[in-house]
Every structure is written in C-alpha cells, then in structure tokens.
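S.K.: What follows is model_33.cif, mmCIF, C-alpha atoms.
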data_run
#
loop_
_atom_site.group_PDB
_atom_site.id
_atom_site.type_symbol
_atom_site.label_atom_id
_atom_site.label_comp_id
_atom_site.auth_asym_id
_atom_site.auth_seq_id
_atom_site.Cartn_x
_atom_site.Cartn_y
_atom_site.Cartn_z
ATOM 1 C CA MET A 1 -1.015 -0.870 -55.872
ATOM 2 C CA ALA A 2 -4.200 -2.855 -55.342
ATOM 3 C CA ALA A 3 -2.678 -4.551 -52.244
ATOM 4 C CA GLN A 4 -2.256 -1.275 -50.386
ATOM 5 C CA GLU A 5 -5.103 0.027 -48.293
ATOM 6 C CA PRO A 6 -5.930 3.702 -48.322
ATOM 7 C CA ALA A 7 -4.678 5.633 -45.268
ATOM 8 C CA SER A 8 -8.198 6.546 -44.183
ATOM 9 C CA SER A 9 -9.310 2.923 -43.754
ATOM 10 C CA SER A 10 -6.820 2.280 -40.916
ATOM 11 C CA GLU A 11 -8.169 5.118 -38.733
ATOM 12 C CA PRO A 12 -11.550 3.507 -37.966
ATOM 13 C CA ARG A 13 -9.758 0.284 -37.034
ATOM 14 C CA LYS A 14 -7.576 2.162 -34.527
ATOM 15 C CA LYS A 15 -10.609 3.846 -33.023
ATOM 16 C CA ARG A 16 -12.393 0.520 -32.740
ATOM 17 C CA ARG A 17 -9.432 -1.040 -30.940
ATOM 18 C CA GLY A 18 -9.285 1.872 -28.533
ATOM 19 C CA LEU A 19 -12.988 1.516 -27.731
ATOM 20 C CA GLU A 20 -12.657 -2.218 -27.095
ATOM 21 C CA ARG A 21 -9.770 -1.688 -24.683
ATOM 22 C CA SER A 22 -11.175 1.127 -22.631
ATOM 23 C CA GLY A 23 -14.765 -0.062 -22.426
ATOM 24 C CA GLU A 24 -16.809 3.116 -22.701
ATOM 25 C CA GLY A 25 -15.907 6.424 -24.269
ATOM 26 C CA GLY A 26 -12.629 5.357 -25.851
ATOM 27 C CA GLU A 27 -10.442 7.767 -23.861
ATOM 28 C CA LYS A 28 -7.435 5.459 -24.097
ATOM 29 C CA GLY A 29 -5.747 4.701 -27.371
ATOM 30 C CA PRO A 30 -4.707 1.305 -28.725
ATOM 31 C CA LYS A 31 -2.427 -0.784 -26.553
ATOM 32 C CA ARG A 32 1.272 -0.455 -27.415
ATOM 33 C CA LYS A 33 3.672 -3.369 -27.560
ATOM 34 C CA LYS A 34 6.435 -3.538 -25.006
ATOM 35 C CA LYS A 35 10.044 -3.371 -26.150
ATOM 36 C CA GLY A 36 11.714 -6.717 -26.561
ATOM 37 C CA SER A 37 8.496 -8.682 -26.964
ATOM 38 C CA GLY A 38 9.931 -10.543 -29.958
ATOM 39 C CA GLY A 39 7.480 -9.930 -32.763
ATOM 40 C CA LYS A 40 8.162 -11.755 -36.048
ATOM 41 C CA LYS A 41 11.636 -12.955 -35.036
ATOM 42 C CA ALA A 42 10.355 -14.763 -31.931
ATOM 43 C CA ALA A 43 7.522 -16.327 -33.896
ATOM 44 C CA ALA A 44 9.966 -17.555 -36.560
ATOM 45 C CA ALA A 45 12.318 -18.998 -33.927
ATOM 46 C CA THR A 46 9.589 -21.041 -32.258
ATOM 47 C CA ALA A 47 7.637 -22.053 -35.380
ATOM 48 C CA GLY A 48 9.212 -25.513 -35.747
ATOM 49 C CA ALA A 49 10.348 -25.988 -32.151
ATOM 50 C CA PRO A 50 8.877 -28.770 -30.003
ATOM 51 C CA VAL A 51 6.377 -27.912 -27.285
ATOM 52 C CA VAL A 52 7.039 -29.395 -23.835
ATOM 53 C CA ALA A 53 4.386 -29.015 -21.106
ATOM 54 C CA GLY A 54 2.632 -26.255 -23.026
ATOM 55 C CA VAL A 55 5.787 -24.098 -23.316
ATOM 56 C CA PRO A 56 7.444 -23.835 -26.753
ATOM 57 C CA ALA A 57 11.198 -24.407 -26.760
ATOM 58 C CA THR A 58 13.216 -21.662 -28.464
ATOM 59 C CA THR A 59 16.153 -22.222 -30.751
ATOM 60 C CA GLY A 60 19.219 -20.098 -31.285
ATOM 61 C CA GLU A 61 21.138 -17.888 -28.890
ATOM 62 C CA ARG A 62 18.289 -17.197 -26.441
ATOM 63 C CA ALA A 63 17.450 -20.845 -25.713
ATOM 64 C CA GLY A 64 19.374 -21.088 -22.406
ATOM 65 C CA LYS A 65 18.404 -17.752 -20.898
ATOM 66 C CA VAL A 66 15.628 -17.596 -18.323
ATOM 67 C CA LYS A 67 14.132 -14.346 -17.054
ATOM 68 C CA LYS A 68 14.296 -13.852 -13.294
ATOM 69 C CA ALA A 69 11.109 -12.910 -11.490
ATOM 70 C CA ALA A 70 11.065 -9.367 -10.155
ATOM 71 C CA ALA A 71 11.437 -9.059 -6.401
ATOM 72 C CA PRO A 72 8.224 -8.023 -4.640
ATOM 73 C CA PRO A 73 8.195 -4.387 -3.577
ATOM 74 C CA LEU A 74 9.130 -3.679 0.018
ATOM 75 C CA PRO A 75 6.280 -2.541 2.278
ATOM 76 C CA ARG A 76 6.336 1.189 2.842
ATOM 77 C CA PRO A 77 5.959 2.581 6.355
ATOM 78 C CA PRO A 78 2.658 4.363 6.978
ATOM 79 C CA SER A 79 2.739 8.056 6.221
ATOM 80 C CA PRO A 80 2.479 10.590 9.075
ATOM 81 C CA ALA A 81 -0.812 11.846 7.613
ATOM 82 C CA TRP A 82 -2.281 8.330 7.767
ATOM 83 C CA MET A 83 -1.098 7.869 11.351
ATOM 84 C CA ARG A 84 -2.527 11.257 12.359
ATOM 85 C CA MET A 85 -5.855 10.358 10.767
ATOM 86 C CA MET A 86 -5.959 7.018 12.607
ATOM 87 C CA LEU A 87 -5.152 8.732 15.918
ATOM 88 C CA GLU A 88 -7.911 11.301 15.346
ATOM 89 C CA ASP A 89 -10.393 8.513 14.568
ATOM 90 C CA PHE A 90 -9.414 6.652 17.748
ATOM 91 C CA VAL A 91 -9.836 9.788 19.873
ATOM 92 C CA LYS A 92 -13.221 10.408 18.244
ATOM 93 C CA TYR A 93 -14.214 6.812 19.071
ATOM 94 C CA LEU A 94 -13.205 7.220 22.732
ATOM 95 C CA ARG A 95 -15.203 10.464 22.996
ATOM 96 C CA SER A 96 -18.283 8.783 21.548
ATOM 97 C CA VAL A 97 -17.892 5.897 24.036
ATOM 98 C CA ARG A 98 -17.710 8.371 26.930
ATOM 99 C CA ALA A 99 -20.815 10.215 25.666
ATOM 100 C CA GLU A 100 -22.723 6.926 25.300
ATOM 101 C CA MET A 101 -21.744 5.781 28.791
ATOM 102 C CA LYS A 102 -23.176 8.998 30.212
ATOM 103 C CA ARG A 103 -26.541 8.171 28.618
ATOM 104 C CA VAL A 104 -26.694 4.706 30.197
ATOM 105 C CA THR A 105 -29.259 4.273 32.978
ATOM 106 C CA TRP A 106 -27.319 2.521 35.705
ATOM 107 C CA PRO A 107 -29.231 0.298 38.186
ATOM 108 C CA SER A 108 -29.287 1.225 41.839
ATOM 109 C CA GLY A 109 -27.652 -0.966 44.491
ATOM 110 C CA LYS A 110 -31.043 -2.355 45.553
ATOM 111 C CA GLU A 111 -31.867 -3.385 41.946
ATOM 112 C CA VAL A 112 -28.498 -5.142 41.594
ATOM 113 C CA ARG A 113 -29.077 -7.132 44.831
ATOM 114 C CA MET A 114 -32.584 -8.175 43.738
ATOM 115 C CA ALA A 115 -31.299 -9.328 40.315
ATOM 116 C CA THR A 116 -28.524 -11.311 42.027
ATOM 117 C CA VAL A 117 -31.060 -13.070 44.285
ATOM 118 C CA VAL A 118 -33.217 -13.978 41.254
ATOM 119 C CA VAL A 119 -30.182 -15.456 39.460
ATOM 120 C CA LEU A 120 -29.149 -17.519 42.500
ATOM 121 C CA ILE A 121 -32.694 -18.898 43.038
ATOM 122 C CA THR A 122 -32.916 -19.828 39.340
ATOM 123 C CA LEU A 123 -29.522 -21.542 39.600
ATOM 124 C CA VAL A 124 -30.654 -23.643 42.587
ATOM 125 C CA VAL A 125 -33.939 -24.661 40.885
ATOM 126 C CA VAL A 126 -32.262 -25.716 37.606
ATOM 127 C CA THR A 127 -29.506 -27.602 39.461
ATOM 128 C CA GLY A 128 -32.126 -29.501 41.527
ATOM 129 C CA TYR A 129 -34.106 -30.405 38.366
ATOM 130 C CA ILE A 130 -31.004 -31.768 36.624
ATOM 131 C CA ALA A 131 -29.991 -33.737 39.764
ATOM 132 C CA ILE A 132 -33.453 -35.353 40.038
ATOM 133 C CA VAL A 133 -33.498 -36.320 36.329
ATOM 134 C CA ASN A 134 -29.975 -37.724 36.666
ATOM 135 C CA MET A 135 -30.942 -39.901 39.673
ATOM 136 C CA LEU A 136 -34.049 -41.241 37.892
ATOM 137 C CA LEU A 137 -32.058 -42.152 34.794
ATOM 138 C CA ASN A 138 -29.413 -43.885 36.938
ATOM 139 C CA LEU A 139 -32.149 -45.986 38.627
ATOM 140 C CA VAL A 140 -33.631 -46.966 35.247
ATOM 141 C CA PHE A 141 -30.323 -48.031 33.741
ATOM 142 C CA GLN A 142 -29.030 -49.821 36.883
ATOM 143 C CA GLN A 143 -31.968 -52.251 36.790
ATOM 144 C CA ASN A 144 -31.256 -53.102 33.141
ATOM 145 C CA PRO A 145 -27.552 -52.406 32.508
ATOM 146 C CA THR A 146 -27.438 -54.092 29.062
ATOM 147 C CA GLY A 147 -30.483 -52.270 27.686
ATOM 148 C CA VAL A 148 -31.881 -55.539 26.277
ATOM 149 C CA GLY A 149 -35.509 -56.484 26.821
ATOM 150 C CA MET A 150 -37.053 -53.074 27.157
#
So that I can check it, write out the structure of this file as structure tokens.
M.R.:
Amino acid sequence: MAAQEPASSSEPRKKRRGLERSGEGGEKGPKRKKKGSGGKKAAAATAGAPVVAGVPATTGERAGKVKKAAAPPLPRPPSPAWMRMMLEDFVKYLRSVRAEMKRVTWPSGKEVRMATVVVLITLVVVTGYIAIVNMLLNLVFQQNPTGVGM
C-alpha cells in the first residue's frame, strides 16, 4: 500500500505537463501516444540488440520490416475565390497605374529636344577626353614597352 500514490497527486503532474507543452495558459492537455509506438515491448526487444550507425537493430518478427515513407501530398489547384481575389488585385493595380500616369508632368517637345542636345554634347566631350587620354598613354608606353627603367 505504501508504493501506491494517492489519486490526487497525479493531477498536478498532468497539469504541469500540459502547461509545458502548450507554452502559456495550458489550453492543451498532455500529449497522447500514437498507436503502435511500441512502448515496453519495443524497449525490451531492443535492450540487448547491437547499435549500428546510431540505429538499434530489433530482434524477433519485426526485424526485417521497414516502414515506407508517405508520398508527398499532391498540389491542389488554386481555389476560384483565390483566383478572383488575385484578378481584383491586378485590376486595382492597373487602375492605380493609370491614375498615377495622369498625375505625371510630361515635358513638352521643345524640352525633350533641348535635353537630347545636352546629352549629345556631353557624349562628344567625354568621348574626346577618353580619346586624348588613350593617345597620351599609348605614347608613354610605346617609348618604353617593357616598363623597366621608369
């Protein structure tokens, strides 16, 4: 009789386990074991069995059986509600683009021509600068092709 625990002492332990599992509040109860997990019989079968590569070998009838991995679930097609929502979002995006384009201040034809002239002049100036630097460097390295004695 001394080995038995009173029934009331097991209740706090169950509550404690439930709190540890669920984090806060303890809404979920203690975790249940799955059917076929083995229990004492599986532990007894593998107690004296050798361990190879970290996996204990089982003895008895179950030694040759290997569980097959479950096939991955097939992808489900998108629901009509999801497709409708995506279409509505796309239409909303296009409307916002149209509204934003109306707010843009477009340059006049004269402003576009002036900007084009500025770009072309800048292009000619930078190209001339690079050509002059290239010619000077070619003259320097043609006089001393080995680079020794500088």
S.K.: As AutoDock Vina command-line options, what would the box around segment 102-116 of chain A look like: edges along x, y and z, 4 Å added on every side, centre and edge lengths in Å to one decimal?
M.R.:
--center_x -27.9 --center_y -1.2 --center_z 37.1 --size_x 17.4 --size_y 28.3 --size_z 24.9
S.K.: For a test of reading the model, state the distance in Å between atom CA of Val124 of chain A and atom CA of Trp106 of chain A, rounded to one decimal.
M.R.: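 Separating atom CA of Val124 of chain A from atom CA of Trp106 of chain A is a distance of 27.3 Å.
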S.K.: Can you measure atom CA of Thr127 of chain A to atom CA of Lys110 of chain A for me? One decimal in Å is fine.
M.R.: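 Result for atom CA of Thr127 of chain A versus atom CA of Lys110 of chain A: 26.0 Å, one decimal.
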S.K.: So the first atom is atom CA of Glu100 of chain A and the second is atom CA of Glu88 of chain A; what is the distance between them in Å, to one decimal place?
M.R.: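 Computing it gives 18.4 Å between the two atoms.
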